[in-house]
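Peer 1: This one is run_4.txt, compact mmCIF, C-alpha atoms.
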```txt
# COMPACT_ATOMS: atom_id res chain seq x y z
CA MET J 1 25.37 -9.03 -9.07
CA ASP J 2 28.91 -9.65 -7.85
CA SER J 3 30.97 -11.97 -10.00
CA SER J 4 34.48 -13.34 -9.44
CA ARG J 5 36.94 -14.60 -12.02
CA GLU J 6 39.44 -17.43 -11.69
CA GLU J 7 42.46 -15.68 -13.14
CA GLN J 8 44.66 -13.80 -10.68
CA ALA J 9 46.28 -10.55 -11.82
CA MET J 10 48.33 -8.31 -9.60
CA LEU J 11 48.80 -4.89 -11.15
CA THR J 12 51.34 -2.18 -10.47
CA ASP J 13 50.46 0.16 -7.60
CA ALA J 14 49.49 3.73 -8.42
CA ALA J 15 52.31 6.23 -7.99
CA ARG J 16 52.75 7.43 -4.44
CA ILE J 17 51.55 10.89 -3.66
CA HIS J 18 54.09 13.65 -3.65
CA LYS J 19 54.34 15.11 -0.16
CA GLU J 20 53.71 18.79 -0.33
CA ALA J 21 55.81 20.92 1.95
CA GLY J 22 54.17 23.69 3.90
CA ALA J 23 52.38 24.36 7.14
CA ASP J 24 48.85 23.24 7.84
CA ALA J 25 46.41 26.06 7.23
CA GLY J 26 44.66 26.05 10.58
CA GLY J 27 41.11 26.97 11.42
CA ASN J 28 42.21 30.19 13.08
CA GLU J 29 43.98 31.31 9.90
CA ILE J 30 40.83 30.74 7.89
CA ARG J 31 38.64 32.65 10.31
CA GLN J 32 41.16 35.51 10.40
CA ALA J 33 41.25 35.67 6.61
CA VAL J 34 37.47 35.82 6.36
CA GLN J 35 37.29 38.35 9.18
CA ALA J 36 39.86 40.54 7.43
CA GLY J 37 37.76 40.47 4.28
CA ILE J 38 34.68 41.45 6.22
CA GLU J 39 36.49 44.31 7.91
CA ARG J 40 37.64 45.61 4.53
CA GLY J 41 34.04 45.46 3.40
CA ARG J 42 32.78 47.33 6.44
CA GLN J 43 35.19 50.14 5.66
CA LYS J 44 33.38 50.38 2.30
CA SER J 45 29.98 50.52 4.08
CA TRP J 46 29.11 46.93 3.19
CA GLN J 47 27.04 45.59 6.08
CA GLY J 48 27.75 42.01 7.07
CA ARG J 49 27.91 39.76 10.07
CA LEU J 50 30.28 36.89 10.76
CA THR J 51 29.20 34.04 12.97
CA LYS J 52 29.88 30.40 13.52
CA GLY J 53 26.73 28.80 12.24
CA SER J 54 24.74 25.70 12.93
CA PHE J 55 24.10 23.32 10.08
CA LEU J 56 21.07 24.28 8.02
CA GLY J 57 21.00 21.12 5.96
CA LEU J 58 22.76 20.09 2.78
CA ALA J 59 20.73 18.83 -0.13
CA ALA J 60 22.52 16.18 -2.16
CA ALA J 61 22.74 16.58 -5.90
CA ALA J 62 20.06 14.61 -7.66
CA VAL J 63 21.67 11.61 -9.28
CA THR J 64 20.22 10.31 -12.53
CA ALA J 65 21.12 6.64 -12.48
CA ILE J 66 21.16 4.56 -15.61
CA ILE J 67 21.93 0.86 -15.69
CA LEU J 68 25.56 -0.06 -15.10
CA PHE J 69 26.73 3.55 -14.88
CA LEU J 70 27.02 5.57 -11.68
CA ILE J 71 30.23 7.58 -11.87
CA PRO J 72 30.17 9.93 -14.91
CA VAL J 73 33.03 9.22 -17.31
CA ILE J 74 34.77 11.95 -19.30
CA HIS J 75 35.18 11.17 -22.98
CA ASP J 76 37.07 14.30 -24.04
CA ALA J 77 34.02 16.50 -23.50
CA ALA J 78 34.24 20.23 -24.09
CA PRO J 79 36.17 21.80 -21.19
CA ARG J 80 34.41 23.89 -18.58
CA ALA J 81 36.30 26.63 -16.77
CA ALA J 82 37.36 25.39 -13.37
CA GLY J 83 40.10 27.81 -12.38
CA PRO J 84 43.70 28.65 -13.25
CA ALA J 85 44.86 25.24 -14.53
CA GLY J 86 48.51 24.33 -14.43
CA GLU J 87 49.48 26.67 -11.60
CA VAL J 88 49.71 23.99 -8.92
CA ASN J 89 52.08 21.03 -9.00
CA TRP J 90 49.94 18.05 -8.06
CA GLY J 91 53.00 15.84 -7.69
CA GLY J 92 52.03 12.17 -7.42
CA LEU J 93 48.41 13.15 -8.08
CA GLU J 94 49.21 14.70 -11.46
CA MET J 95 47.33 11.90 -13.28
CA PHE J 96 44.09 13.21 -11.77
CA LYS J 97 44.41 16.39 -13.82
CA ARG J 98 42.93 14.19 -16.54
CA LEU J 99 39.65 15.26 -14.90
CA TYR J 100 40.59 18.90 -14.39
CA SER J 101 38.75 20.79 -17.13
CA SER J 102 35.42 19.08 -16.40
CA ASP J 103 35.58 18.84 -12.61
CA SER J 104 33.92 21.46 -10.43
CA GLU J 105 36.20 20.37 -7.57
CA ALA J 106 39.40 21.21 -9.49
CA PRO J 107 39.98 24.65 -7.88
CA THR J 108 39.27 23.13 -4.46
CA LEU J 109 41.87 20.42 -5.04
CA ASP J 110 44.31 23.03 -6.39
CA THR J 111 44.05 24.93 -3.12
CA ALA J 112 44.15 21.85 -0.90
CA ILE J 113 47.29 20.52 -2.60
CA ARG J 114 48.96 23.95 -2.64
CA HIS J 115 48.60 24.19 1.14
CA GLY J 116 49.32 20.56 2.00
CA TYR J 117 45.69 20.11 3.03
CA ILE J 118 45.66 16.58 1.65
CA GLN J 119 46.08 13.15 3.24
CA GLU J 120 47.95 10.32 1.60
CA ILE J 121 46.18 6.98 1.77
CA ASN J 122 47.71 4.88 -1.03
CA GLN J 123 46.03 1.68 0.08
CA SER J 124 45.04 -0.95 -2.46
CA VAL J 125 42.88 -4.03 -2.49
CA ALA J 126 42.65 -6.60 -5.29
CA SER J 127 40.32 -9.46 -6.13
CA GLY J 128 40.62 -11.51 -9.27
CA ASP J 129 40.95 -9.21 -12.29
CA TYR J 130 40.18 -6.08 -10.28
CA ARG J 131 42.21 -3.70 -8.21
CA ILE J 132 41.29 -0.41 -6.52
CA THR J 133 43.66 2.11 -4.92
CA LEU J 134 42.46 4.89 -2.63
CA ASN J 135 45.09 7.52 -3.39
CA ALA J 136 44.20 10.53 -1.27
CA VAL J 137 41.48 12.36 0.65
CA THR J 138 40.81 15.85 1.90
CA ALA J 139 37.98 16.87 4.21
CA ASP J 140 36.31 19.51 6.31
CA GLU J 141 33.14 19.44 8.39
CA ASN J 142 30.97 19.78 5.27
CA LYS J 143 32.60 17.49 2.74
CA ILE J 144 35.07 14.71 2.01
CA ILE J 145 36.77 14.57 -1.41
CA PHE J 146 38.57 11.36 -2.34
CA LEU J 147 40.73 10.31 -5.29
CA TYR J 148 41.05 6.71 -6.43
CA THR J 149 42.50 4.57 -9.21
CA ALA J 150 40.86 1.44 -10.65
CA ASN J 151 42.76 -1.18 -12.63
CA VAL J 152 41.77 -4.36 -14.45
CA ALA J 153 43.81 -7.26 -15.79
CA GLU J 154 44.84 -7.82 -19.40
CA GLY J 155 41.83 -8.73 -21.54
CA GLN J 156 39.42 -6.51 -19.55
CA GLU J 157 38.44 -2.86 -19.98
CA ILE J 158 36.80 -0.63 -17.37
CA TYR J 159 33.29 0.40 -18.30
CA SER J 160 32.85 2.43 -15.12
CA VAL J 161 33.37 2.36 -11.40
CA ASN J 162 29.89 1.10 -10.71
CA SER J 163 29.78 2.67 -7.27
CA ALA J 164 32.10 4.53 -4.92
CA ARG J 165 30.85 5.12 -1.41
CA ILE J 166 32.20 5.71 2.10
CA LYS J 167 30.87 4.32 5.37
CA ASN J 168 31.28 5.82 8.83
CA ALA J 169 32.67 2.91 10.83
CA ALA J 170 31.34 4.39 14.09
CA THR J 171 27.72 4.25 12.92
CA GLY J 172 27.87 1.53 10.28
CA TYR J 173 26.00 3.75 7.83
CA ASP J 174 27.03 5.04 4.42
CA LEU J 175 27.68 8.77 4.32
CA GLU J 176 25.73 10.92 1.88
CA ASN J 177 27.09 10.62 -1.64
CA GLY J 178 27.76 13.96 -3.31
CA GLY J 179 28.54 12.54 -6.75
CA GLY J 180 31.76 12.03 -8.64
CA ILE J 181 33.54 12.05 -11.95
CA GLY J 182 36.09 9.83 -13.66
CA ALA J 183 38.03 9.10 -16.84
CA HIS J 184 40.28 6.48 -18.35
CA ALA J 185 44.01 7.13 -18.35
CA LYS J 186 45.61 8.57 -21.47
CA ASN J 187 48.44 6.74 -23.24
CA ASP J 188 49.96 8.26 -26.39
CA GLY J 189 46.79 10.27 -26.91
CA HIS J 190 44.48 7.27 -26.58
CA ASP J 191 42.36 6.05 -23.70
CA ASP J 192 43.94 3.25 -21.68
CA LYS J 193 40.75 1.49 -20.71
CA ARG J 194 42.49 -0.73 -18.14
CA ILE J 195 43.12 2.27 -15.87
CA PHE J 196 40.45 4.62 -14.51
CA TYR J 197 41.00 7.74 -12.39
CA GLY J 198 38.08 8.86 -10.24
CA ARG J 199 37.10 11.65 -7.88
CA GLY J 200 34.26 11.23 -5.42
CA ALA J 201 32.63 13.55 -2.89
CA ILE J 202 30.78 12.87 0.34
CA LEU J 203 28.50 15.43 1.99
CA LEU J 204 28.69 15.69 5.78
CA ASP J 205 26.21 16.99 8.34
CA ARG J 206 28.28 19.21 10.61
CA SER J 207 25.69 19.03 13.37
CA LYS J 208 26.77 15.40 13.84
CA PRO J 209 30.09 14.11 15.21
CA PHE J 210 32.91 14.40 12.70
CA PRO J 211 33.65 10.96 11.21
CA GLU J 212 37.07 9.53 11.98
CA GLN J 213 37.33 5.85 11.06
CA LEU J 214 35.97 5.28 7.57
CA GLU J 215 35.58 2.49 5.03
CA ALA J 216 35.71 3.19 1.30
CA ASP J 217 33.69 0.70 -0.75
CA PHE J 218 34.01 0.34 -4.53
CA GLN J 219 32.70 -1.84 -7.32
CA ILE J 220 34.21 -1.90 -10.81
CA ALA J 221 32.20 -2.71 -13.93
CA SER J 222 34.24 -4.07 -16.85
CA MET J 223 33.83 -5.60 -20.28
CA ASP J 224 35.99 -7.93 -22.34
CA LYS J 225 38.51 -6.12 -24.51
CA GLY J 226 36.90 -4.74 -27.66
CA LYS J 227 33.34 -4.86 -26.35
CA MET J 228 33.29 -1.12 -25.61
CA LYS J 229 33.83 -0.02 -29.21
CA ASP J 230 30.15 0.31 -30.05
CA LEU J 231 28.67 1.68 -26.81
CA ALA J 232 26.65 4.23 -28.80
CA LYS J 233 24.54 1.33 -30.00
CA GLY J 234 23.73 0.32 -26.44
CA VAL J 235 25.06 -2.07 -23.86
CA ASN J 236 24.38 -5.76 -23.64
CA VAL J 237 24.00 -6.43 -19.92
CA ALA J 238 25.43 -9.91 -20.39
CA ASP J 239 28.72 -8.38 -21.58
CA VAL J 240 29.32 -6.53 -18.31
CA HIS J 241 31.31 -8.11 -15.47
CA TYR J 242 31.41 -6.84 -11.91
CA SER J 243 34.09 -6.96 -9.28
CA PRO J 244 33.28 -7.99 -5.74
CA ARG J 245 32.91 -5.08 -3.33
CA LEU J 246 36.44 -3.75 -2.81
CA LYS J 247 36.82 -2.17 0.63
CA ILE J 248 39.56 -0.05 2.18
CA SER J 249 39.55 1.12 5.81
CA PHE J 250 41.30 4.35 6.77
CA LYS J 251 41.31 7.07 9.42
CA LEU J 252 40.91 10.76 8.63
CA ASP J 253 43.71 13.07 9.68
CA PRO J 254 42.63 15.05 12.80
CA LYS J 255 43.66 18.32 11.09
CA PHE J 256 40.48 18.18 9.01
CA LYS J 257 38.32 18.30 12.13
CA ARG J 258 39.80 21.63 13.17
CA GLN J 259 38.47 23.51 10.16
CA GLN J 260 35.25 25.22 11.16
CA THR J 261 32.68 26.79 8.88
CA VAL J 262 32.15 30.53 9.01
CA ILE J 263 28.94 32.23 7.96
CA VAL J 264 28.70 35.60 6.23
CA ARG J 265 25.37 37.40 5.93
CA PRO J 266 25.75 39.85 3.03
CA GLY J 267 22.09 40.94 2.89
CA GLU J 268 22.57 42.01 -0.76
CA ASP J 269 19.22 42.68 -2.48
CA PHE J 270 18.67 42.23 -6.23
CA MET J 271 15.91 41.41 -8.70
CA LEU J 272 15.13 38.10 -10.42
CA GLU J 273 12.18 37.85 -12.80
CA GLY J 274 10.71 41.04 -11.29
CA ILE J 275 10.91 39.59 -7.77
CA GLN J 276 13.06 41.16 -5.08
CA VAL J 277 15.41 38.61 -3.54
CA THR J 278 18.40 38.78 -1.22
CA LEU J 279 21.69 36.93 -0.88
CA GLU J 280 20.93 36.16 2.72
CA GLN J 281 23.74 33.85 3.74
CA VAL J 282 27.05 32.40 2.56
CA GLU J 283 28.77 29.51 4.33
CA LEU J 284 32.52 29.17 3.78
CA SER J 285 34.83 26.29 4.58
CA PRO J 286 38.03 24.93 2.99
CA LEU J 287 36.16 22.59 0.62
CA MET J 288 32.72 24.14 0.19
CA ILE J 289 30.87 27.41 -0.31
CA ARG J 290 27.10 27.39 0.09
CA THR J 291 25.00 30.40 -0.94
CA VAL J 292 21.41 31.00 0.17
CA VAL J 293 19.09 33.25 -1.86
CA LYS J 294 15.64 34.06 -0.49
CA ILE J 295 12.61 36.02 -1.65
CA LYS J 296 12.73 39.21 0.40
CA ASN J 297 9.05 39.97 0.87
CA GLU J 298 7.14 37.26 2.70
CA SER J 299 3.94 38.04 0.76
CA GLU J 300 5.73 37.07 -2.49
CA ILE J 301 6.87 33.66 -1.30
CA THR J 302 4.75 31.40 -3.49
CA TRP J 303 5.43 28.18 -5.37
CA GLU J 304 5.21 30.02 -8.70
CA ASN J 305 7.70 32.70 -7.63
CA ARG J 306 10.12 30.11 -6.26
CA GLN J 307 10.02 28.35 -9.62
CA LYS J 308 10.59 31.63 -11.47
CA ILE J 309 13.68 32.66 -9.54
CA SER J 310 15.27 29.21 -9.41
CA GLY J 311 14.86 28.84 -13.17
CA ALA J 312 16.09 32.33 -13.98
CA VAL J 313 19.78 31.62 -13.29
CA HIS J 314 21.48 29.61 -16.05
CA ARG J 315 25.03 30.01 -14.75
CA ASN J 316 26.27 30.66 -11.24
CA GLU J 317 29.92 31.03 -10.33
CA ILE J 318 32.14 32.57 -7.69
CA GLN J 319 35.16 34.64 -8.66
CA SER J 320 37.69 34.57 -5.87
CA THR J 321 40.84 36.70 -6.02
CA ALA J 322 43.90 35.87 -3.94
CA LYS J 323 47.63 36.44 -4.31
CA TYR J 324 47.72 33.43 -6.65
CA GLY J 325 45.32 35.07 -9.08
CA THR J 326 41.58 34.95 -9.77
CA THR J 327 39.87 31.59 -9.57
CA GLU J 328 36.49 30.85 -11.13
CA ILE J 329 34.49 28.32 -9.10
CA TRP J 330 31.30 27.16 -10.79
CA SER J 331 28.34 25.52 -9.16
CA PRO J 332 27.20 22.13 -10.47
CA THR J 333 24.58 21.74 -7.76
CA GLY J 334 21.59 23.74 -6.63
CA THR J 335 18.29 23.09 -4.93
CA GLY J 336 15.04 24.90 -4.33
CA THR J 337 13.99 25.80 -0.80
CA ASP J 338 10.76 26.94 0.83
CA GLU J 339 11.83 30.56 0.41
CA GLY J 340 14.19 30.57 -2.58
CA PHE J 341 17.16 28.44 -3.61
CA GLU J 342 20.66 27.38 -2.59
CA HIS J 343 23.82 26.67 -4.59
CA TYR J 344 26.90 24.65 -3.65
CA PHE J 345 30.40 25.44 -4.88
CA GLY J 346 33.91 24.24 -4.29
CA SER J 347 36.20 26.58 -2.38
CA ASN J 348 39.62 28.21 -2.41
CA LEU J 349 39.30 29.62 1.10
CA LEU J 350 42.69 28.25 2.11
CA ASP J 351 44.20 30.76 -0.34
CA GLN J 352 42.89 33.53 1.97
CA PRO J 353 41.10 35.43 -0.82
CA GLU J 354 41.27 39.20 -0.87
CA SER J 355 37.87 39.43 -2.54
CA MET J 356 35.07 37.07 -3.50
CA ASN J 357 32.05 37.77 -5.71
CA MET J 358 29.13 35.60 -6.76
CA ILE J 359 28.22 36.15 -10.41
CA MET J 360 24.82 34.99 -11.66
CA LYS J 361 23.85 35.06 -15.32
CA THR J 362 20.24 35.31 -16.42
CA GLY J 363 18.40 35.68 -19.71
CA GLU J 364 19.46 34.65 -23.21
CA GLY J 365 20.92 36.40 -26.24
CA LYS J 366 20.44 40.17 -26.09
CA ASN J 367 18.57 39.76 -22.79
CA THR J 368 21.55 38.18 -21.01
CA LYS J 369 22.31 39.94 -17.75
CA GLU J 370 25.05 39.48 -15.18
CA ILE J 371 24.39 40.03 -11.50
CA ASN J 372 27.52 40.63 -9.44
CA LEU J 373 27.18 40.21 -5.66
CA PRO J 374 30.07 40.81 -3.25
CA ILE J 375 30.73 38.16 -0.61
CA LEU J 376 34.19 39.32 0.56
CA PRO J 377 34.80 42.15 1.21
```
For the file at hand, write its structure as structure tokens.

Peer 2:
Amino acid sequence: MDSSREEQAMLTDAARIHKEAGADAGGNEIRQAVQAGIERGRQKSWQGRLTKGSFLGLAAAAVTAIILFLIPVIHDAAPRAAGPAGEVNWGGLEMFKRLYSSDSEAPTLDTAIRHGYIQEINQSVASGDYRITLNAVTADENKIIFLYTANVAEGQEIYSVNSARIKNAATGYDLENGGGIGAHAKNDGHDDKRIFYGRGAILLDRSKPFPEQLEADFQIASMDKGKMKDLAKGVNVADVHYSPRLKISFKLDPKFKRQQTVIVRPGEDFMLEGIQVTLEQVELSPLMIRTVVKIKNESEITWENRQKISGAVHRNEIQSTAKYGTTEIWSPTGTGTDEGFEHYFGSNLLDQPESMNMIMKTGEGKNTKEINLPILP
């Protein structure tokens, strides 16, 4: 499906990333912060255990693929709360705040940038009318988040970044795609369809060696100028052009490898749909929080009950309070398990939160209920 065009167009590089000052938040600092939270909780008779955990498996978000469109594009959709916007200076990455109000990773990126837990890449590759720039990455042993900019030449408009993936050079295999989001640039209040800002995520298996040498691989889908005006009426496949695969090799900063996941076992019991369940486990790392809810009584673990409890929660978020304020981190991804369900969130762990609660909302209208479960302390 690759197509090349004869015209050559070299576009202006994306702005270089502002170098944040500040010390690297090391793995020991993270563990100490979590341990301090747990100790505060123990003083309040909350029973928990902290342990370095083995990987229990990450389920990727189900991706609904439609023709020509892989990376979701924001078209001024209604904002969703992602945290205290505007409190962090993103410097040379400020253009990516175009995605902020709709991106579940926004509070994670806020924290990473605040603490200098970000790696400049700023490498570009161009072919014909297409250019891609890998601006920055951040990573821990559970996830890689990457930011990129796509450009097309005069006369073309970006329909989408058709795919954005990362390969582990040591194995030759693509890493597990955790989804992404993107939007056209804004110029005088209007979309500049020649520029596209994207955020991607890669899920890692921490039981495997941490990847070091990587290759980012992109493909841009574009249309001739003016062809995107009537997308609501459908897309003519013949109108869509594709870039060749645009590949950028880079090496992850070793500091990301030092950040180890800690596991908290709250053991907090609560009721869902008349079934007793427990918040059995919470995994915390700089970029990801994973919560595990299980049916408490083995005799009640049935397919029907698993469906009931997984469908009962219509909103799940974590409220994390640190010296910078309270951050709301919502979960875009969940999956059923043999004994209950799991949810995946971003993280502000580098902020060394003083408290952290998971808030689950169930029911509708007058029957809406809020379940508040302490994680730290």

Peer 1: Of the candidates J:Asp191, J:Glu176, J:Asp129, J:Glu94, which shows the shortest atom-to-atom distance to Ala221 (chain J), using only C-alpha atoms?

Peer 2: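 Of J:Asp191, J:Glu176, J:Asp129, J:Glu94, the one nearest Ala221 (chain J), counting only C-alpha atoms, is J:Asp129.
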
Peer 1: Got a sec to check which residues sit within 10 Å of (32.9, 26.1, 2.0), counting only C-alpha atoms, and write them as a ChimeraX atom specification?

Peer 2: /J:108,140-143,260-263,282-291,344-349

Peer 1: Quick one: distance from CA of Lys186 (chain J) to CA of Leu109 (chain J) in Å, one decimal?

Peer 2: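 Between these atoms lies a distance of 20.6 Å.
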
Peer 1: Name the closest residue to Gly226 (chain J) among the candidates J:Tyr148, J:Trp303, J:Tyr159, J:Tyr100; distances are taken between atoms, counting all atoms listed in the file.

Peer 2: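 Nearest to Gly226 (chain J): J:Tyr159.
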
Peer 1: Just the number, please: distance in Å from CA of Ile318 (chain J) to CA of Met356 (chain J), one decimal.

Peer 2: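 Computing it gives 6.8 Å between the two atoms.
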
Peer 1: Which distance in Å separates CA of Gly91 (chain J) and CA of Arg114 (chain J), to one decimal?

Peer 2: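 Atom-to-atom, CA of Gly91 (chain J) to CA of Arg114 (chain J), that is 10.4 Å.
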
Peer 1: Using only C-alpha atoms, find the one residue out of J:Ile301, J:Ile144, J:Ile181, J:Ala136 that sits nearest to Asp103 (chain J).

Peer 2: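 Ranked by minimum distance to Asp103 (chain J), first place goes to J:Ile181.
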
Peer 1: Determine the nearest neighbour of Thr138 (chain J) from the options J:Ser104, J:Ser243, J:Asn236, J:Gln119, counting all atoms listed in the file.

Peer 2: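 Among the listed residues, the smallest separation from Thr138 (chain J) belongs to J:Gln119.
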
Peer 1: Nearest to Ile166 (chain J) among J:Val237, J:Ser207, J:Phe250, J:Phe96, with distances taken over only C-alpha atoms: which residue is it?

Peer 2: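 Of J:Val237, J:Ser207, J:Phe250, J:Phe96, the one nearest Ile166 (chain J), counting only C-alpha atoms, is J:Phe250.
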
Peer 1: J:Phe146, J:Phe256, J:Trp330, J:Trp90: which is nearest Asn316 (chain J), counting all atoms listed in the file?

Peer 2: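 Among the listed residues, J:Trp330 lies closest to Asn316 (chain J).
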
Peer 1: Find the spatial neighbours of Pro254 (chain J), counting all atoms listed in the file, within a cut-off of 12 Å - ignore same-chain residues fewer than 5 positions away - and output them as a PDB file with C-alpha atoms, in the coordinates of the input.

Peer 2:
```
ATOM      1  CA  ASP J  24      48.850  23.240   7.840  1.00  0.00           C
ATOM      2  CA  GLY J  26      44.660  26.050  10.580  1.00  0.00           C
ATOM      3  CA  TYR J 117      45.690  20.110   3.030  1.00  0.00           C
ATOM      4  CA  ILE J 118      45.660  16.580   1.650  1.00  0.00           C
ATOM      5  CA  GLN J 119      46.080  13.150   3.240  1.00  0.00           C
ATOM      6  CA  THR J 138      40.810  15.850   1.900  1.00  0.00           C
ATOM      7  CA  ALA J 139      37.980  16.870   4.210  1.00  0.00           C
ATOM      8  CA  ASP J 140      36.310  19.510   6.310  1.00  0.00           C
ATOM      9  CA  GLU J 141      33.140  19.440   8.390  1.00  0.00           C
ATOM     10  CA  PHE J 210      32.910  14.400  12.700  1.00  0.00           C
ATOM     11  CA  PRO J 211      33.650  10.960  11.210  1.00  0.00           C
ATOM     12  CA  GLU J 212      37.070   9.530  11.980  1.00  0.00           C
ATOM     13  CA  GLN J 213      37.330   5.850  11.060  1.00  0.00           C
ATOM     14  CA  GLN J 259      38.470  23.510  10.160  1.00  0.00           C
TER      15      GLN J 259
END
```

Peer 1: Write out as a count of residues only the residues lying within 12 Å of Val88 (chain J), counting only C-alpha atoms and excluding same-chain residues fewer than 4 positions away.

Peer 2: 20
